[in-house]
Every structure is written in C-alpha cells, then in structure tokens.
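entry_4.txt, holding compact mmCIF, C-alpha atoms and all ligand atoms:
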```
# COMPACT_ATOMS: atom_id res chain seq x y z
CA MET S 1 41.61 19.22 -9.10
CA LYS S 2 44.03 18.35 -6.31
CA THR S 3 43.73 14.77 -5.11
CA LYS S 4 43.23 15.81 -1.49
CA LEU S 5 40.33 18.03 -2.45
CA LYS S 6 38.84 15.25 -4.57
CA ILE S 7 39.00 12.84 -1.67
CA ALA S 8 37.51 15.40 0.69
CA LEU S 9 34.62 15.99 -1.70
CA LEU S 10 34.10 12.28 -2.15
CA VAL S 11 33.97 11.72 1.61
CA LEU S 12 31.60 14.63 1.97
CA PHE S 13 29.36 13.23 -0.78
CA ALA S 14 29.37 9.76 0.77
CA PHE S 15 28.37 11.29 4.08
CA PHE S 16 25.46 13.27 2.70
CA ALA S 17 24.32 10.38 0.53
CA ALA S 18 23.89 8.35 3.68
CA CYS S 19 22.56 11.09 5.92
CA VAL S 20 18.78 10.80 5.85
CA THR S 21 15.97 12.72 7.49
CA THR S 22 13.52 10.68 9.50
CA PRO S 23 9.89 11.32 8.54
CA GLU S 24 7.59 13.06 11.06
CA SER S 25 10.31 13.58 13.69
CA GLY S 26 12.65 15.38 11.25
CA LYS S 27 15.74 13.90 12.93
CA GLN S 28 18.92 13.21 10.98
CA ALA S 29 20.31 9.69 10.82
CA PHE S 30 23.45 8.24 9.30
CA ILE S 31 22.70 5.07 7.31
CA MET S 32 25.10 2.91 5.32
CA VAL S 33 22.60 0.21 4.32
CA SER S 34 20.58 0.89 1.19
CA PRO S 35 16.78 0.72 1.32
CA SER S 36 16.79 -2.18 -1.16
CA GLN S 37 19.29 -4.14 0.97
CA GLU S 38 17.07 -3.53 3.97
CA VAL S 39 13.95 -4.72 2.14
CA THR S 40 15.70 -7.90 0.97
CA MET S 41 16.82 -8.70 4.51
CA GLY S 42 13.38 -7.98 5.92
CA LYS S 43 11.72 -10.31 3.42
CA GLN S 44 14.20 -13.12 4.05
CA ALA S 45 13.77 -12.81 7.80
CA PHE S 46 9.97 -12.86 7.42
CA GLU S 47 10.08 -16.07 5.37
CA GLU S 48 12.12 -17.73 8.09
CA ILE S 49 9.74 -16.58 10.80
CA GLN S 50 6.71 -17.77 8.84
CA GLN S 51 8.19 -21.27 8.73
CA LYS S 52 8.48 -21.26 12.51
CA GLU S 53 5.15 -19.72 13.41
CA LYS S 54 1.59 -20.94 13.03
CA GLU S 55 -0.96 -18.56 11.52
CA SER S 56 -4.08 -17.93 13.56
CA GLU S 57 -7.26 -19.55 12.26
CA ASP S 58 -9.49 -17.08 14.05
CA LYS S 59 -11.01 -15.35 11.01
CA ARG S 60 -12.37 -12.41 12.97
CA LEU S 61 -9.07 -11.58 14.67
CA VAL S 62 -7.09 -12.15 11.47
CA GLY S 63 -9.46 -9.76 9.70
CA ILE S 64 -9.10 -7.13 12.41
CA THR S 65 -5.29 -7.38 12.35
CA GLN S 66 -5.28 -6.93 8.59
CA ARG S 67 -7.65 -4.00 8.55
CA VAL S 68 -5.77 -2.19 11.33
CA GLY S 69 -2.52 -2.77 9.46
CA GLU S 70 -3.91 -1.61 6.12
CA ARG S 71 -5.44 1.53 7.62
CA LEU S 72 -2.09 2.37 9.19
CA ALA S 73 -0.01 1.52 6.09
CA VAL S 74 -1.74 4.00 3.78
CA HIS S 75 -1.02 6.78 6.27
CA THR S 76 2.67 6.02 6.73
CA ASP S 77 5.54 7.72 4.95
CA MET S 78 6.09 4.51 2.96
CA PRO S 79 2.63 3.63 1.66
CA ASP S 80 4.05 1.85 -1.40
CA LEU S 81 5.87 -0.95 0.41
CA GLU S 82 4.49 -4.47 -0.09
CA TRP S 83 2.74 -4.37 3.27
CA GLU S 84 1.48 -7.64 4.69
CA PHE S 85 -0.13 -8.23 8.09
CA LYS S 86 -0.20 -11.64 9.76
CA LEU S 87 -1.56 -12.90 13.03
CA PHE S 88 0.42 -15.73 14.61
CA GLU S 89 -1.09 -18.15 17.11
CA SER S 90 1.02 -17.89 20.25
CA ASP S 91 0.72 -16.78 23.86
CA GLN S 92 3.65 -14.42 23.48
CA MET S 93 2.69 -10.79 23.79
CA ASN S 94 4.64 -9.55 20.86
CA ALA S 95 4.49 -7.85 17.47
CA PHE S 96 7.05 -6.79 14.91
CA ALA S 97 7.37 -5.03 11.55
CA LEU S 98 10.25 -5.61 9.17
CA PRO S 99 11.82 -3.42 6.47
CA GLY S 100 9.83 -4.07 3.32
CA GLY S 101 6.54 -3.94 5.22
CA LYS S 102 6.09 -7.48 6.55
CA THR S 103 4.30 -7.12 9.87
CA ALA S 104 2.95 -9.57 12.41
CA ALA S 105 1.18 -9.64 15.76
CA TYR S 106 0.77 -12.61 18.11
CA THR S 107 -2.61 -13.65 19.54
CA GLY S 108 -1.17 -13.22 23.07
CA LEU S 109 -0.73 -9.53 22.40
CA LEU S 110 -4.30 -9.09 21.20
CA LYS S 111 -5.55 -10.29 24.58
CA VAL S 112 -3.81 -7.39 26.32
CA CYS S 113 -4.73 -4.90 23.64
CA GLU S 114 -8.45 -5.44 24.29
CA ASN S 115 -9.42 -3.21 21.36
CA GLU S 116 -8.40 -2.17 17.84
CA ALA S 117 -7.01 1.22 18.88
CA ALA S 118 -4.52 -0.37 21.26
CA LEU S 119 -3.49 -2.82 18.54
CA ALA S 120 -3.09 0.16 16.20
CA ALA S 121 -0.84 1.78 18.83
CA VAL S 122 1.46 -1.25 18.96
CA MET S 123 1.48 -1.86 15.21
CA GLY S 124 1.90 1.86 14.53
CA HIS S 125 4.93 1.85 16.81
CA GLU S 126 6.43 -1.19 15.08
CA ILE S 127 5.74 0.25 11.63
CA ALA S 128 7.41 3.50 12.72
CA HIS S 129 10.62 1.56 13.43
CA VAL S 130 10.48 0.56 9.73
CA THR S 131 9.69 3.97 8.23
CA ALA S 132 12.30 5.65 10.47
CA ARG S 133 14.74 2.95 9.29
CA HIS S 134 15.87 2.11 12.81
CA GLY S 135 16.99 -1.39 11.76
CA ALA S 136 19.31 0.07 9.11
CA GLN S 137 20.57 2.66 11.58
CA ARG S 138 21.45 -0.08 14.00
CA MET S 139 23.12 -2.18 11.32
CA THR S 140 25.16 0.89 10.42
CA GLN S 141 26.24 1.33 14.04
CA GLN S 142 27.27 -2.33 14.20
CA MET S 143 29.14 -2.01 10.92
CA VAL S 144 31.01 1.01 12.18
CA LEU S 145 31.86 -0.89 15.36
CA SER S 146 33.05 -4.00 13.56
CA THR S 147 35.15 -2.71 10.68
CA ALA S 148 35.22 -6.20 9.16
CA MET S 149 31.55 -5.85 8.20
CA ALA S 150 31.21 -4.30 4.76
CA ALA S 151 27.80 -3.09 3.60
CA ALA S 152 28.04 -5.40 0.60
CA SER S 153 28.62 -8.54 2.64
CA ILE S 154 25.72 -8.31 5.06
CA SER S 155 23.19 -11.00 4.35
CA LEU S 156 21.19 -13.51 6.37
CA ALA S 157 23.10 -16.30 4.64
CA ASN S 158 26.35 -14.96 6.05
CA LYS S 159 26.97 -16.61 9.44
CA ASP S 160 28.88 -13.62 10.77
CA SER S 161 26.27 -11.01 9.95
CA ARG S 162 23.17 -13.12 10.65
CA ALA S 163 22.91 -12.39 14.37
CA LEU S 164 23.66 -8.74 13.72
CA ILE S 165 20.85 -8.42 11.18
CA LEU S 166 18.22 -10.28 13.19
CA GLY S 167 19.12 -8.28 16.28
CA ALA S 168 19.18 -5.01 14.37
CA LEU S 169 15.76 -5.68 12.86
CA GLY S 170 14.34 -6.05 16.35
CA ILE S 171 13.29 -9.69 15.97
CA GLY S 172 16.41 -11.12 17.57
CA ALA S 173 14.50 -12.23 20.65
CA THR S 174 12.74 -14.87 18.53
CA TYR S 175 16.20 -16.25 17.80
CA GLY S 176 17.67 -15.75 21.25
CA ILE S 177 19.45 -12.52 20.38
CA GLN S 178 18.00 -9.85 22.61
CA LEU S 179 18.87 -6.42 21.28
CA PRO S 180 16.41 -3.69 22.23
CA PHE S 181 16.27 -0.49 20.23
CA SER S 182 17.87 2.53 21.86
CA ARG S 183 15.80 4.80 24.05
CA ASP S 184 15.96 7.48 21.34
CA ASN S 185 14.69 5.07 18.69
CA GLU S 186 11.92 3.91 21.01
CA ALA S 187 10.81 7.45 21.77
CA GLU S 188 10.86 8.29 18.08
CA ALA S 189 8.81 5.19 17.19
CA ASP S 190 6.29 6.17 19.88
CA GLN S 191 6.01 9.67 18.49
CA ILE S 192 5.62 8.57 14.85
CA GLY S 193 3.39 5.59 15.70
CA LEU S 194 0.99 7.85 17.56
CA ILE S 195 0.64 10.04 14.45
CA TYR S 196 0.03 7.04 12.21
CA MET S 197 -2.70 5.60 14.43
CA ALA S 198 -4.39 9.01 14.63
CA ARG S 199 -4.34 9.44 10.84
CA ALA S 200 -5.71 5.92 10.49
CA GLY S 201 -8.70 7.06 12.55
CA TYR S 202 -7.95 5.46 15.93
CA ASP S 203 -8.15 7.51 19.11
CA PRO S 204 -4.46 8.10 20.00
CA SER S 205 -5.21 8.63 23.69
CA GLU S 206 -5.75 4.85 23.90
CA ALA S 207 -1.98 4.43 23.38
CA VAL S 208 -1.30 5.99 26.78
CA ARG S 209 -3.93 3.79 28.43
CA PHE S 210 -2.61 0.69 26.67
CA TRP S 211 1.00 1.21 27.77
CA SER S 212 -0.12 1.79 31.36
CA ARG S 213 -2.24 -1.37 31.21
CA PHE S 214 0.54 -3.37 29.58
CA SER S 215 3.15 -2.33 32.13
CA GLU S 216 1.10 -4.04 34.81
CA MET S 217 1.19 -7.35 32.94
CA LYS S 218 3.44 -10.17 34.10
CA GLN S 219 3.80 -13.61 32.57
CA GLY S 220 4.60 -16.01 35.43
CA GLY S 221 6.71 -13.39 37.18
CA GLN S 222 8.50 -12.50 33.92
CA PRO S 223 7.65 -9.38 31.96
CA PRO S 224 6.31 -10.22 28.46
CA GLU S 225 8.97 -10.33 25.75
CA PHE S 226 7.69 -7.16 24.09
CA LEU S 227 7.77 -5.35 27.41
CA SER S 228 11.33 -6.39 28.15
CA THR S 229 12.46 -4.52 25.02
CA HIS S 230 9.79 -1.80 25.43
CA PRO S 231 9.78 -0.84 29.10
CA ALA S 232 6.59 1.11 29.76
CA ASP S 233 8.11 3.20 32.50
CA ALA S 234 7.16 6.67 33.71
CA THR S 235 9.38 8.33 31.08
CA ARG S 236 7.69 6.51 28.23
CA ILE S 237 4.21 7.35 29.47
CA ALA S 238 5.21 11.00 30.07
CA ASN S 239 6.66 11.25 26.54
CA LEU S 240 3.52 9.73 25.02
CA LYS S 241 1.43 12.34 26.81
CA ARG S 242 3.74 15.03 25.46
CA TYR S 243 3.25 13.78 21.87
CA LEU S 244 -0.50 13.43 22.28
CA PRO S 245 -1.62 17.00 21.35
CA ARG S 246 -0.08 16.74 17.85
CA ALA S 247 -1.61 13.28 17.38
CA MET S 248 -5.01 14.56 18.55
CA ALA S 249 -4.82 17.31 15.93
CA GLU S 250 -4.19 14.64 13.27
CA TYR S 251 -7.07 12.59 14.67
CA LYS S 252 -9.38 15.57 14.38
CA ASN S 253 -8.55 15.74 10.65
CA ALA S 254 -8.97 12.00 10.02
CA LYS S 255 -11.66 11.37 7.39
CA THR S 256 -13.12 8.37 9.18
CA LYS S 257 -12.92 7.96 12.93
CA TYR S 258 -13.14 4.52 14.52
CA GLY S 259 -12.51 5.62 18.12
CA LEU S 260 -11.40 2.50 19.97
CA GLY S 261 -12.68 0.26 17.17
CA GLU S 262 -13.94 -3.24 17.87
CA THR S 263 -13.35 -4.86 21.26
CA PHE S 264 -11.73 -8.33 21.23
ZN ZN R 1 10.02 -0.37 19.71
```

Could the structure of this file be written out as structure tokens, please?
Ligand SMILES: [Zn+2]
Amino acid sequence: MKTKLKIALLVLFAFFAACVTTPESGKQAFIMVSPSQEVTMGKQAFEEIQQKEKESEDKRLVGITQRVGERLAVHTDMPDLEWEFKLFESDQMNAFALPGGKTAAYTGLLKVCENEAALAAVMGHEIAHVTARHGAQRMTQQMVLSTAMAAASISLANKDSRALILGALGIGATYGIQLPFSRDNEAEADQIGLIYMARAGYDPSEAVRFWSRFSEMKQGGQPPEFLSTHPADATRIANLKRYLPRAMAEYKNAKTKYGLGETF
C-alpha cells in the first residue's frame, strides 16, 4: 500500500476512534481523552475535594441525597460506574459530578431546591455532563488549542495541565478557575438530565420551576456560584420547556413515581 494512503487511513481511523455519539441527544463529539483517563482524573479530583470539604452530619438530608443519586444513576447511560453521592456542609449553592461517577451536592443548594425533584433536576444535569463526556470534550478542545499538551501527559500531578483539568471537569470554581461549560454543553446536559430525572420517577416539570426559582436567588448581591456558570435565563427556561414533552413521556413509563418527593 502506498505510504500516503496508509497515512490517510490511519488519520481517518484515529478520527473515527475518537468520534463518539452522545447518549440521548445523539450528537457527535470529538474526544481525545480515553474514558479510563477521564475516570482516573475524576477520582483524583474527588479525593482532593473531599479533603477540603466537610461532610454533612444531617442523616436525613444525606440519605435523601444518596437515594436521589442512586435512583438517577441506574437510569443513566453509564449505570456501571462506581457512583458515589456526598452531601457537603456549606452555604454555597452548588453541586458537581465527576467522570467516574463521584457526585456531590452542598447543603446550601438543598435549601433552594426545596424538594427531591428539584435536587434530582440539578444532580441529573450534573450527571449528564459526565455521561455526555463534556469534561473530556473540553480537555480535547484545550489540547487542540495548546499543541504542547499531549493526551498522555495530562494528569492532576502535572502543574501545566492541572488548571486545565479542574476547569474542564467543571469544578474549577472551587479552585479559583472559573470555566463554565459552553452553551451547547449546558443545553445538552439540561436535555439529558431531564430524561434521567423522569426515568428515576421524579416529575420533570419541577426542573422548569426550580430554574425559575433559582434565577431569582442572590447571595449578598452576587449570583450563587452554580448560577454564575449556569445562567437560568429566558433561553434556558424556554429550552427546558421544549424538552419537557419527551421527559414527560419517560415519566409516564417510570415504574415508580415519586412526584416531587420529600420536601426539605
Ligand atoms: Zn452544567
């Protein structure tokens, strides 16, 4: 075979090997980070965060967070990850999920959620960032931008790639690196998250109400951290309403329905 043709085939193969289809939304994404690399980075980042944060001692709220998370996890497109759901004691209105399935919410967020369904909406959204591999997509974009960054060399221990990884995973704010997901990624996470919460048995229409409620929240004149990376503007609300019929159909088929669940 001619060398040129060989190279062309190789390039083509490399492209398709890294071109993945996002679950539920069916969108194509180009990813140069392997799932196992992603999981390793997610686990390392979670260990660091756990050293910084204090776990809530409120047994009832911890239990609710875990059951919401577990109900969502079995209905995701990655049910076999080592899912774990923690509740951290802090006023910050925030939540995150990392590749590998490590997920956490802060007690400050639960106050605004008011009920389990709203918590399921937020956690479902965060989990959707993981199953859609948005962190890896963003790392790929950064790697393409900075040619010095090879897929093999990205690790949390590497000073140069550390900020990139934490930012790409969407937890950069905790470390002073604010890097919101793109509007497309956000819309996709909303769409997928809504489906997950519906399959888990929570009324998806609460997601629309929650985002409207949340957008009115201000912390001492500042929008909450989660809101600054997740602006609940008219477009977001309109998109959620557009995704709602499909989610309602999933909700109708859910074996057990919890409605809004328990109120906090
Ligand atoms: Zn998001």

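The space between CA of Met41 in chain S and CA of Arg162 in chain S spans 9.9 Å.
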
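If all atoms listed in the file are the atoms counted, then among S:Ala132, S:Ala238, S:Leu110, S:Leu164 the closest residue to ligand ZN 1 (chain R) is S:Ala132.
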
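When all atoms listed in the file are used to compute distances to Gly135 in chain S, the closest of the residues S:Ile64, S:Met123, S:Met32, S:Leu81 turns out to be S:Met32.
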
Contacts of ligand ZN 1 (chain R), 12 Å or closer, only C-alpha atoms and all ligand atoms, given as a PyMOL selection string:
chain S and resi 94-98+121-130+132-135+168-171+179-193+225-232+236

For the atom pair CA of Glu84 in chain S and CA of Ala29 in chain S, what is the interatomic distance in Å to one decimal place?
26.3 Å

Rebuild range 158-173 of chain S so that it carries N, CA and C atoms, then output the result as a CSV table (one decimal), in the coordinates of the input.
```csv
chain,number,residue,atom,x,y,z
S,158,ASN,N,25.0,-15.1,5.5
S,158,ASN,CA,26.4,-15.0,6.0
S,158,ASN,C,26.3,-15.2,7.6
S,159,LYS,N,27.0,-16.2,8.0
S,159,LYS,CA,27.0,-16.6,9.4
S,159,LYS,C,27.4,-15.5,10.4
S,160,ASP,N,28.4,-14.7,9.9
S,160,ASP,CA,28.9,-13.6,10.8
S,160,ASP,C,27.9,-12.5,10.9
S,161,SER,N,27.2,-12.2,9.9
S,161,SER,CA,26.3,-11.0,10.0
S,161,SER,C,24.8,-11.4,10.3
S,162,ARG,N,24.5,-12.7,10.4
S,162,ARG,CA,23.2,-13.1,10.6
S,162,ARG,C,22.6,-12.6,12.0
S,163,ALA,N,23.4,-12.8,13.0
S,163,ALA,CA,22.9,-12.4,14.4
S,163,ALA,C,22.8,-10.9,14.4
S,164,LEU,N,23.7,-10.2,13.8
S,164,LEU,CA,23.7,-8.7,13.7
S,164,LEU,C,22.4,-8.2,13.0
S,165,ILE,N,22.0,-8.9,11.9
S,165,ILE,CA,20.8,-8.4,11.2
S,165,ILE,C,19.6,-8.7,12.0
S,166,LEU,N,19.4,-9.9,12.5
S,166,LEU,CA,18.2,-10.3,13.2
S,166,LEU,C,18.1,-9.4,14.4
S,167,GLY,N,19.2,-9.2,15.1
S,167,GLY,CA,19.1,-8.3,16.3
S,167,GLY,C,18.8,-6.9,15.9
S,168,ALA,N,19.4,-6.4,14.8
S,168,ALA,CA,19.2,-5.0,14.4
S,168,ALA,C,17.7,-4.8,13.9
S,169,LEU,N,17.1,-5.8,13.3
S,169,LEU,CA,15.8,-5.7,12.9
S,169,LEU,C,14.8,-5.7,14.0
S,170,GLY,N,15.2,-6.1,15.2
S,170,GLY,CA,14.3,-6.0,16.4
S,170,GLY,C,13.6,-7.3,16.5
S,171,ILE,N,14.0,-8.4,15.8
S,171,ILE,CA,13.3,-9.7,16.0
S,171,ILE,C,14.2,-10.7,16.5
S,172,GLY,N,15.4,-10.2,17.1
S,172,GLY,CA,16.4,-11.1,17.6
S,172,GLY,C,15.9,-12.0,18.7
S,173,ALA,N,15.0,-11.5,19.5
S,173,ALA,CA,14.5,-12.2,20.6
S,173,ALA,C,13.9,-13.6,20.2
```
